[in-house]
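Visitor: I am sharing data_37.txt, which consists of compact mmCIF, C-alpha atoms:
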```txt
# COMPACT_ATOMS: atom_id res chain seq x y z
CA MET D 241 23.36 30.28 -75.84
CA THR D 242 20.92 27.50 -76.63
CA SER D 243 18.33 26.12 -74.27
CA GLU D 244 18.45 22.76 -72.56
CA GLY D 245 17.18 19.98 -74.82
CA THR D 246 17.92 21.78 -78.08
CA SER D 247 17.72 19.30 -80.96
CA ILE D 248 20.69 18.49 -83.15
CA ASP D 249 20.57 20.19 -86.55
CA ALA D 250 22.28 17.92 -89.08
CA THR D 251 21.91 20.54 -91.83
CA LYS D 252 24.25 23.11 -90.26
CA PRO D 253 27.96 22.50 -89.70
CA SER D 254 29.23 22.34 -86.13
CA ILE D 255 32.73 23.37 -85.07
CA ALA D 256 32.82 20.44 -82.64
CA ARG D 257 31.76 17.93 -85.29
CA VAL D 258 34.21 19.25 -87.90
CA TYR D 259 36.98 18.89 -85.33
CA ASP D 260 35.74 15.36 -84.55
CA TYR D 261 35.90 14.51 -88.27
CA LEU D 262 39.45 15.85 -88.60
CA LEU D 263 40.49 13.68 -85.63
CA GLY D 264 39.01 10.60 -87.30
CA GLY D 265 35.83 10.45 -85.22
CA LYS D 266 32.41 9.21 -86.32
CA ASP D 267 30.12 11.75 -84.62
CA ASN D 268 29.66 14.02 -87.61
CA TYR D 269 27.37 14.58 -90.58
CA ALA D 270 27.83 15.19 -94.30
CA VAL D 271 27.70 18.95 -93.80
CA ASP D 272 30.58 18.72 -91.31
CA ARG D 273 32.62 16.43 -93.56
CA GLU D 274 32.14 18.89 -96.40
CA ILE D 275 33.86 21.61 -94.36
CA GLY D 276 36.48 19.18 -93.07
CA ASP D 277 37.26 18.10 -96.61
CA VAL D 278 38.01 21.70 -97.55
CA PHE D 279 40.86 21.56 -95.06
CA LYS D 280 41.94 18.07 -96.15
CA ARG D 281 41.76 18.83 -99.87
CA ASP D 282 42.71 22.51 -100.18
CA LEU D 283 44.92 22.81 -97.11
CA PRO D 284 46.76 19.47 -97.01
CA GLY D 285 48.54 18.95 -93.74
CA SER D 286 46.12 21.13 -91.76
CA VAL D 287 44.77 18.09 -89.90
CA ALA D 288 48.07 18.17 -87.99
CA ILE D 289 46.69 21.22 -86.15
CA ALA D 290 43.96 19.11 -84.52
CA PHE D 291 46.34 16.34 -83.50
CA ALA D 292 49.04 18.70 -82.20
CA ASN D 293 46.42 20.49 -80.12
CA ARG D 294 44.98 17.31 -78.65
CA SER D 295 48.41 15.97 -77.73
CA ALA D 296 49.38 19.19 -75.98
CA LEU D 297 46.14 19.14 -73.97
CA THR D 298 46.78 15.56 -72.89
CA ARG D 299 50.30 16.45 -71.74
CA ALA D 300 49.10 19.52 -69.84
CA VAL D 301 46.38 17.66 -67.94
CA ALA D 302 48.77 14.81 -67.10
CA GLU D 303 51.35 17.28 -65.83
CA ILE D 304 48.84 19.08 -63.62
CA ALA D 305 47.53 15.76 -62.28
CA THR D 306 50.99 14.37 -61.52
CA THR D 307 53.01 17.39 -60.37
CA THR D 308 50.49 19.59 -58.54
CA GLU D 309 47.82 19.17 -55.88
CA VAL D 310 45.08 20.35 -58.25
CA THR D 311 42.28 17.80 -58.62
CA GLN D 312 39.57 20.04 -60.11
CA PHE D 313 39.25 20.86 -63.80
CA ILE D 314 36.88 23.04 -65.82
CA ASP D 315 37.10 22.31 -69.56
CA LEU D 316 35.54 25.25 -71.42
CA GLY D 317 34.31 24.48 -74.93
CA SER D 318 35.20 20.84 -74.50
CA GLY D 319 33.96 19.52 -77.85
CA LEU D 320 32.90 15.97 -78.64
CA PRO D 321 34.35 13.17 -76.50
CA THR D 322 37.38 11.53 -78.07
CA ALA D 323 40.32 9.47 -76.85
CA ASP D 324 42.00 10.75 -73.69
CA ASN D 325 39.42 13.26 -72.57
CA VAL D 326 40.37 15.51 -69.64
CA HIS D 327 38.65 13.35 -67.01
CA GLN D 328 40.25 10.16 -68.36
CA VAL D 329 43.75 11.63 -68.26
CA ALA D 330 43.30 13.29 -64.87
CA GLN D 331 41.59 10.33 -63.20
CA ARG D 332 44.15 7.91 -64.63
CA HIS D 333 46.77 9.66 -62.52
CA THR D 334 44.59 11.02 -59.69
CA PRO D 335 41.35 9.03 -59.39
CA GLU D 336 39.65 11.61 -57.17
CA SER D 337 39.90 14.32 -59.85
CA ARG D 338 36.67 16.15 -60.66
CA VAL D 339 35.90 17.57 -64.09
CA VAL D 340 33.20 19.89 -65.42
CA TYR D 341 32.87 19.98 -69.21
CA VAL D 342 31.21 23.04 -70.73
CA ASP D 343 29.81 23.27 -74.26
CA ILE D 344 26.87 24.69 -76.17
CA ASP D 345 26.67 22.14 -79.00
CA PRO D 346 23.65 19.83 -78.45
CA GLN D 347 25.49 16.80 -79.84
CA VAL D 348 28.39 17.37 -77.46
CA LEU D 349 25.94 17.39 -74.57
CA VAL D 350 24.21 14.18 -75.70
CA HIS D 351 27.41 12.22 -76.29
CA GLY D 352 29.19 13.65 -73.27
CA ARG D 353 26.41 12.78 -70.87
CA ALA D 354 26.12 9.27 -72.28
CA LEU D 355 29.86 8.76 -71.83
CA LEU D 356 29.81 10.03 -68.27
CA GLU D 357 26.63 8.39 -66.98
CA GLU D 358 28.58 6.18 -64.59
CA ASN D 359 31.26 8.68 -63.60
CA ASP D 360 30.08 10.53 -60.51
CA ARG D 361 33.08 12.89 -60.49
CA THR D 362 32.35 14.40 -63.89
CA ARG D 363 29.61 16.64 -65.26
CA VAL D 364 28.72 18.03 -68.70
CA ILE D 365 26.84 21.33 -68.63
CA GLU D 366 25.24 23.43 -71.34
CA ALA D 367 26.55 26.97 -71.27
CA ASP D 368 28.30 29.46 -73.51
CA VAL D 369 31.95 30.13 -72.66
CA ARG D 370 31.26 33.77 -73.54
CA ASP D 371 28.94 33.86 -70.53
CA PRO D 372 31.34 32.81 -67.76
CA GLU D 373 28.93 33.95 -65.05
CA ALA D 374 26.45 31.29 -66.20
CA VAL D 375 29.16 28.62 -66.10
CA TYR D 376 30.41 29.71 -62.68
CA ASN D 377 26.93 29.80 -61.13
CA HIS D 378 25.60 26.64 -62.79
CA PRO D 379 24.34 24.26 -60.08
CA GLU D 380 26.43 21.37 -61.38
CA THR D 381 29.57 23.52 -61.45
CA ARG D 382 28.97 24.52 -57.85
CA GLU D 383 28.28 20.88 -56.95
CA MET D 384 31.55 19.62 -58.45
CA ILE D 385 34.02 22.48 -57.97
CA ASP D 386 35.18 23.96 -54.66
CA PHE D 387 36.36 27.46 -55.57
CA ASP D 388 38.15 27.78 -52.26
CA ARG D 389 40.67 25.25 -53.60
CA PRO D 390 42.89 25.56 -56.72
CA VAL D 391 41.28 24.76 -60.05
CA ALA D 392 42.68 23.97 -63.50
CA VAL D 393 40.85 26.04 -66.13
CA VAL D 394 41.19 24.65 -69.65
CA PHE D 395 40.76 26.77 -72.78
CA SER D 396 41.71 24.17 -75.37
CA ALA D 397 41.15 25.45 -78.93
CA ILE D 398 38.22 27.64 -77.86
CA LEU D 399 39.40 31.24 -77.49
CA HIS D 400 40.23 31.50 -81.19
CA HIS D 401 36.50 31.06 -81.80
CA VAL D 402 35.83 34.17 -79.70
CA ASN D 403 36.06 37.24 -81.91
CA ASP D 404 37.89 40.37 -80.77
CA GLU D 405 34.70 42.32 -80.10
CA GLU D 406 33.58 39.53 -77.73
CA ASP D 407 36.66 40.23 -75.58
CA PRO D 408 38.32 36.84 -74.99
CA ALA D 409 40.71 38.42 -72.48
CA ALA D 410 37.75 39.34 -70.28
CA ILE D 411 36.64 35.69 -70.24
CA VAL D 412 40.05 34.56 -68.96
CA ARG D 413 40.14 37.47 -66.52
CA PHE D 414 36.77 36.42 -65.09
CA TRP D 415 38.14 33.00 -64.19
CA ARG D 416 41.49 34.40 -63.02
CA ASP D 417 39.64 36.57 -60.52
CA ARG D 418 37.50 33.73 -59.17
CA VAL D 419 39.98 30.93 -58.60
CA PRO D 420 42.48 30.92 -55.75
CA SER D 421 46.26 31.13 -55.82
CA GLY D 422 47.82 27.93 -57.12
CA SER D 423 45.25 27.48 -59.88
CA TYR D 424 46.40 26.64 -63.41
CA PHE D 425 45.30 27.83 -66.83
CA PHE D 426 45.95 25.95 -70.08
CA VAL D 427 45.37 27.71 -73.39
CA SER D 428 45.78 26.45 -76.94
CA HIS D 429 45.01 28.78 -79.79
CA PHE D 430 45.33 29.23 -83.55
CA ARG D 431 48.68 30.94 -84.09
CA SER D 432 49.11 33.52 -86.81
CA GLY D 433 51.76 32.53 -89.31
CA ASN D 434 51.49 35.56 -91.60
CA ASN D 435 51.38 33.16 -94.53
CA PRO D 436 48.86 32.01 -97.19
CA GLU D 437 47.93 28.93 -95.15
CA THR D 438 46.85 31.03 -92.17
CA ALA D 439 44.85 33.43 -94.33
CA GLU D 440 43.05 30.65 -96.18
CA ALA D 441 42.20 28.66 -93.04
CA GLU D 442 40.90 31.79 -91.31
CA LYS D 443 38.81 32.63 -94.39
CA VAL D 444 37.21 29.16 -94.39
CA LEU D 445 36.21 29.40 -90.72
CA GLN D 446 34.90 32.97 -90.98
CA GLN D 447 32.83 32.16 -94.06
CA THR D 448 31.42 29.01 -92.46
CA PHE D 449 30.92 29.95 -88.81
CA GLY D 450 31.42 33.71 -88.70
CA ARG D 451 34.25 33.20 -86.23
CA GLY D 452 37.81 31.92 -86.09
CA ARG D 453 40.60 34.36 -85.23
CA TRP D 454 44.30 33.66 -85.62
CA ARG D 455 46.41 35.58 -83.07
CA THR D 456 50.14 36.16 -82.58
CA ASP D 457 52.13 34.68 -79.71
CA GLU D 458 52.06 38.09 -78.03
CA GLU D 459 48.28 38.36 -78.38
CA ILE D 460 47.83 34.86 -76.99
CA ALA D 461 50.17 35.58 -74.07
CA SER D 462 48.23 38.78 -73.32
CA LEU D 463 45.14 36.64 -72.70
CA LEU D 464 47.01 35.34 -69.65
CA ASP D 465 47.79 38.76 -68.15
CA GLY D 466 48.05 38.64 -64.38
CA LEU D 467 49.18 35.01 -64.44
CA GLU D 468 52.66 33.50 -64.35
CA ILE D 469 53.27 31.91 -67.75
CA LEU D 470 55.30 28.74 -67.20
CA ASP D 471 58.18 27.44 -69.30
CA PRO D 472 58.51 27.15 -72.23
CA GLY D 473 56.03 30.03 -72.63
CA VAL D 474 53.56 30.31 -75.49
CA VAL D 475 55.02 28.14 -78.24
CA ALA D 476 53.91 25.89 -81.08
CA ALA D 477 51.79 23.17 -79.44
CA SER D 478 54.12 20.42 -80.70
CA LEU D 479 56.97 22.10 -78.80
CA TRP D 480 55.04 22.49 -75.56
CA ARG D 481 56.81 20.04 -73.23
CA PRO D 482 56.85 17.15 -75.74
CA THR D 483 57.43 13.63 -74.49
CA ALA D 484 59.39 10.96 -76.29
CA VAL D 485 56.08 9.54 -77.50
CA ASP D 486 54.99 12.85 -79.02
CA ASN D 487 58.38 13.83 -80.32
CA PRO D 488 61.29 11.44 -80.92
CA TRP D 489 63.60 14.45 -80.69
CA SER D 490 62.53 15.42 -77.17
CA ASP D 491 65.81 14.12 -75.76
CA GLY D 492 67.45 17.38 -76.74
CA GLY D 493 67.50 17.16 -80.51
CA GLU D 494 65.25 19.20 -82.74
CA ARG D 495 63.19 18.62 -85.84
CA GLU D 496 61.66 21.00 -88.29
CA LEU D 497 57.94 21.50 -87.64
CA THR D 498 55.58 21.57 -90.58
CA VAL D 499 53.97 24.90 -91.46
CA TRP D 500 50.73 23.56 -90.00
CA GLU D 501 52.25 22.61 -86.65
CA HIS D 502 53.35 26.23 -86.32
CA LEU D 503 49.73 27.35 -86.61
CA ILE D 504 48.55 26.07 -83.20
CA ALA D 505 50.16 27.42 -80.02
CA ALA D 506 49.91 26.27 -76.42
CA GLY D 507 50.85 27.69 -73.06
CA MET D 508 50.21 27.07 -69.37
CA ALA D 509 50.08 29.62 -66.59
CA ARG D 510 49.72 29.61 -62.82
CA LYS D 511 47.92 32.09 -60.62
CA PRO D 512 50.49 33.33 -58.07
```
Hey, can you dump this file as structure tokens for me?

Guide:
Amino acid sequence: MTSEGTSIDATKPSIARVYDYLLGGKDNYAVDREIGDVFKRDLPGSVAIAFANRSALTRAVAEIATTTEVTQFIDLGSGLPTADNVHQVAQRHTPESRVVYVDIDPQVLVHGRALLEENDRTRVIEADVRDPEAVYNHPETREMIDFDRPVAVVFSAILHHVNDEEDPAAIVRFWRDRVPSGSYFFVSHFRSGNNPETAEAEKVLQQTFGRGRWRTDEEIASLLDGLEILDPGVVAASLWRPTAVDNPWSDGGERELTVWEHLIAAGMARKP
């Protein structure tokens, strides 16, 4: 966990900035583009993972905002602001929605706070998702979130950056035990394909960042133990409740996903 005011190091790659580059953003440096280009050049098609993940997140937040009474969101490991951030989607449907973004990357904090300067229902805090106690007890979390009311806890493309020995299930369990019945959990996660593409992508991340763990559907589902996993379960993110915009075949037809689309899964669960 870094300290408040940590400067941005443009000589070391950042997971958030690499992801921003793959999504077509501009908040990245040469060192990030170098890693991103490994995926673009050596693993053509892998950029689909980032887009499939982002689309699934947008659908999940919209669904929570439009079909439940939940108006509080905690986005853990939020990454750099891009189009349709959690607060924009939620507040588009339910203007009173409150959102706390959590990240440890200094550039995320700088850009996030600049974006949200005039939004009094949103906060960006510096904390490590592996230290959920610090997130939970952060003054701005306590200011924005009423833990006596249901909360939506978002783990979008973050738990696969938590290695096994860091116990990602314990992180989810922490939040499960501290939010009331009727709360929702959204998880998206690198999905093991038992193929050369998975092995190579995992190798790139481990060599660069020392983290990045592909898990099976069963392993991902086990992160949500004690919660009711909602239909359609843990599935490829592109197949998680697609709309006609996301998937022209969502009227009942099917299409063949690319190998890359199979490598990011999504699921949503509810605390009974």

Visitor: Let me make sure I understand: among D:Leu479, D:Met508, D:Val339, D:Ala392, which one has the smallest atom-to-atom distance to Ser295 of chain D if we use all atoms listed in the file?

Guide: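 That would be D:Leu479, the residue with the smallest distance to Ser295 of chain D.
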
Visitor: Grab the atom CA of Glu366 of chain D to atom CA of Ile314 of chain D distance for me, in Å with one decimal place.

Guide: 12.9 Å

Visitor: If we count all atoms listed in the file and set the cut-off at 12 Å, which residues sit around Ala305 of chain D, ignoring sequence neighbours fewer than 4 positions away in its own chain? Please answer as a list in words.

Guide: Thr298, Arg299, Ala300, Val301, Glu309, Val310, Thr311, Gln312, Phe313, Val326, His327, Gln328, Val329, Ala330, Gln331, Arg332, His333, Thr334, Pro335, Glu336, Ser337, Arg338, Val339, Val391, Ala392 and Tyr424 of chain D

Visitor: May I ask for the distance between atom CA of Ser462 of chain D and atom CA of Ala477 of chain D, given in Å to one decimal place?

Guide: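 Interatomic distance here is 17.1 Å.
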
Visitor: If we draw a sphere of 9 Å around (46.7, 24.9, -75.5), which residues have at least one atom in it when counting only C-alpha atoms? Please report them as a list in words.

Guide: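 The requested residues, written out, are Asn293, Arg294, Ala296, Leu297, Ala300, Val394, Phe395, Ser396, Ala397, Phe426, Val427, Ser428, His429, Val474, Ala477, Trp480, Ile504, Ala505, Ala506, Gly507 and Met508 of chain D.
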
Visitor: Report, in Å with one decimal, the straight-line distance from atom CA of Val475 of chain D to atom CA of Leu316 of chain D.

Guide: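 Rounded to one decimal, the two atoms are 20.8 Å apart.
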
Visitor: Please list as a short mmCIF file (atom, residue, chain, number, x, y, z; two decimals) with C-alpha atoms, in the frame of the given file every residue within 9 Å of Arg389 of chain D, counting all atoms listed in the file and excluding residues in the same chain fewer than 5 positions away.

Guide:
```
data_model
loop_
_atom_site.label_atom_id
_atom_site.label_comp_id
_atom_site.auth_asym_id
_atom_site.auth_seq_id
_atom_site.Cartn_x
_atom_site.Cartn_y
_atom_site.Cartn_z
CA VAL D 310 45.08 20.35 -58.25
CA GLN D 312 39.57 20.04 -60.11
CA VAL D 419 39.98 30.93 -58.60
CA PRO D 420 42.48 30.92 -55.75
CA SER D 421 46.26 31.13 -55.82
CA GLY D 422 47.82 27.93 -57.12
CA SER D 423 45.25 27.48 -59.88
#
```

Visitor: Could you tell me which of D:Pro372, D:Pro436, D:Gly452, D:Pro472 comes closest to Ala410 of chain D if we count all atoms listed in the file?

Guide: D:Pro372

Visitor: Counting all atoms listed in the file, which residue out of D:Ala292, D:Ile365, D:Ala354, D:Val278 sits closest to Ser478 of chain D?

Guide: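 Going through D:Ala292, D:Ile365, D:Ala354, D:Val278 one by one, the smallest distance to Ser478 of chain D is for D:Ala292.
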
Visitor: Please provide as a PyMOL selection string all residues within 9 Å of Arg370 of chain D, with the sequence filter that same-chain residues fewer than 2 positions apart are discarded (counting all atoms listed in the file).

Guide: chain D and resi 241+367-368+372-373+402+406-408+411

Visitor: Check the smallest atom-to-atom distance from each of D:Ala302, D:Pro253, D:Val287, D:Ile460 to Glu274 of chain D using only C-alpha atoms, then report the winner.

Guide: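 Checking each of D:Ala302, D:Pro253, D:Val287, D:Ile460 against Glu274 of chain D, counting only C-alpha atoms, the winner is D:Pro253.
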
Visitor: Go through D:Arg416, D:Leu497, D:Tyr341, D:Glu357 one by one, measure the shortest atom-to-atom distance of each to His378 of chain D using all atoms listed in the file, and give the residue with the smallest value.

Guide: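 Of D:Arg416, D:Leu497, D:Tyr341, D:Glu357, the one nearest His378 of chain D is D:Tyr341, counting all atoms listed in the file.
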
Visitor: Fix up segment 474-485 of chain D with all heavy atoms, then write it as a tab-separated table (two decimals), in the frame of the given file.

Guide:
```
chain	number	residue	atom	x	y	z
D	474	VAL	N	54.52	30.58	-74.42
D	474	VAL	CA	53.56	30.31	-75.49
D	474	VAL	C	54.35	29.93	-76.74
D	474	VAL	O	55.08	30.74	-77.30
D	474	VAL	CB	52.67	31.55	-75.77
D	474	VAL	CG1	51.77	31.29	-76.98
D	474	VAL	CG2	51.83	31.88	-74.54
D	475	VAL	N	54.23	28.67	-77.13
D	475	VAL	CA	55.02	28.14	-78.24
D	475	VAL	C	54.13	27.27	-79.11
D	475	VAL	O	52.99	26.96	-78.74
D	475	VAL	CB	56.21	27.30	-77.72
D	475	VAL	CG1	57.17	28.15	-76.90
D	475	VAL	CG2	55.72	26.10	-76.89
D	476	ALA	N	54.64	26.85	-80.26
D	476	ALA	CA	53.91	25.89	-81.08
D	476	ALA	C	53.53	24.69	-80.21
D	476	ALA	O	54.35	24.20	-79.42
D	476	ALA	CB	54.76	25.45	-82.26
D	477	ALA	N	52.28	24.23	-80.33
D	477	ALA	CA	51.79	23.17	-79.44
D	477	ALA	C	52.68	21.93	-79.45
D	477	ALA	O	52.88	21.29	-78.42
D	477	ALA	CB	50.36	22.80	-79.81
D	478	SER	N	53.25	21.60	-80.61
D	478	SER	CA	54.12	20.42	-80.70
D	478	SER	C	55.39	20.58	-79.88
D	478	SER	O	56.04	19.59	-79.53
D	478	SER	CB	54.48	20.14	-82.16
D	478	SER	OG	53.33	19.76	-82.89
D	479	LEU	N	55.76	21.83	-79.58
D	479	LEU	CA	56.97	22.10	-78.80
D	479	LEU	C	56.67	22.36	-77.34
D	479	LEU	O	57.57	22.64	-76.56
D	479	LEU	CB	57.71	23.31	-79.39
D	479	LEU	CG	58.21	23.16	-80.82
D	479	LEU	CD1	58.92	24.43	-81.28
D	479	LEU	CD2	59.12	21.95	-80.97
D	480	TRP	N	55.39	22.25	-76.96
D	480	TRP	CA	55.04	22.49	-75.56
D	480	TRP	C	55.27	21.21	-74.76
D	480	TRP	O	54.48	20.28	-74.80
D	480	TRP	CB	53.59	22.97	-75.40
D	480	TRP	CG	53.37	23.50	-74.02
D	480	TRP	CD1	53.61	24.77	-73.56
D	480	TRP	CD2	52.91	22.75	-72.88
D	480	TRP	NE1	53.34	24.85	-72.23
D	480	TRP	CE2	52.92	23.63	-71.78
D	480	TRP	CE3	52.52	21.42	-72.69
D	480	TRP	CZ2	52.53	23.24	-70.50
D	480	TRP	CZ3	52.15	21.02	-71.43
D	480	TRP	CH2	52.15	21.92	-70.34
D	481	ARG	N	56.42	21.16	-74.09
D	481	ARG	CA	56.81	20.04	-73.23
D	481	ARG	C	56.55	18.68	-73.88
D	481	ARG	O	55.86	17.81	-73.31
D	481	ARG	CB	56.10	20.13	-71.88
D	481	ARG	CG	56.36	21.47	-71.17
D	481	ARG	CD	55.81	21.49	-69.77
D	481	ARG	NE	55.97	22.81	-69.17
D	481	ARG	CZ	55.65	23.10	-67.91
D	481	ARG	NH1	55.16	22.16	-67.13
D	481	ARG	NH2	55.83	24.32	-67.44
D	482	PRO	N	57.09	18.43	-75.06
D	482	PRO	CA	56.85	17.15	-75.74
D	482	PRO	C	57.49	15.99	-74.99
D	482	PRO	O	58.54	16.14	-74.37
D	482	PRO	CB	57.50	17.34	-77.11
D	482	PRO	CG	58.57	18.36	-76.87
D	482	PRO	CD	58.01	19.29	-75.83
D	483	THR	N	56.86	14.85	-75.04
D	483	THR	CA	57.43	13.63	-74.49
D	483	THR	C	58.07	12.85	-75.62
D	483	THR	O	57.92	13.17	-76.79
D	483	THR	CB	56.33	12.77	-73.84
D	483	THR	OG1	55.43	12.34	-74.87
D	483	THR	CG2	55.56	13.57	-72.79
D	484	ALA	N	58.76	11.79	-75.26
D	484	ALA	CA	59.39	10.96	-76.29
D	484	ALA	C	58.35	10.34	-77.21
D	484	ALA	O	58.60	10.10	-78.40
D	484	ALA	CB	60.22	9.86	-75.63
D	485	VAL	N	57.14	10.11	-76.68
D	485	VAL	CA	56.08	9.54	-77.50
D	485	VAL	C	55.61	10.55	-78.54
D	485	VAL	O	55.40	10.22	-79.70
D	485	VAL	CB	54.89	9.09	-76.61
D	485	VAL	CG1	53.71	8.68	-77.48
D	485	VAL	CG2	55.32	7.96	-75.70
```
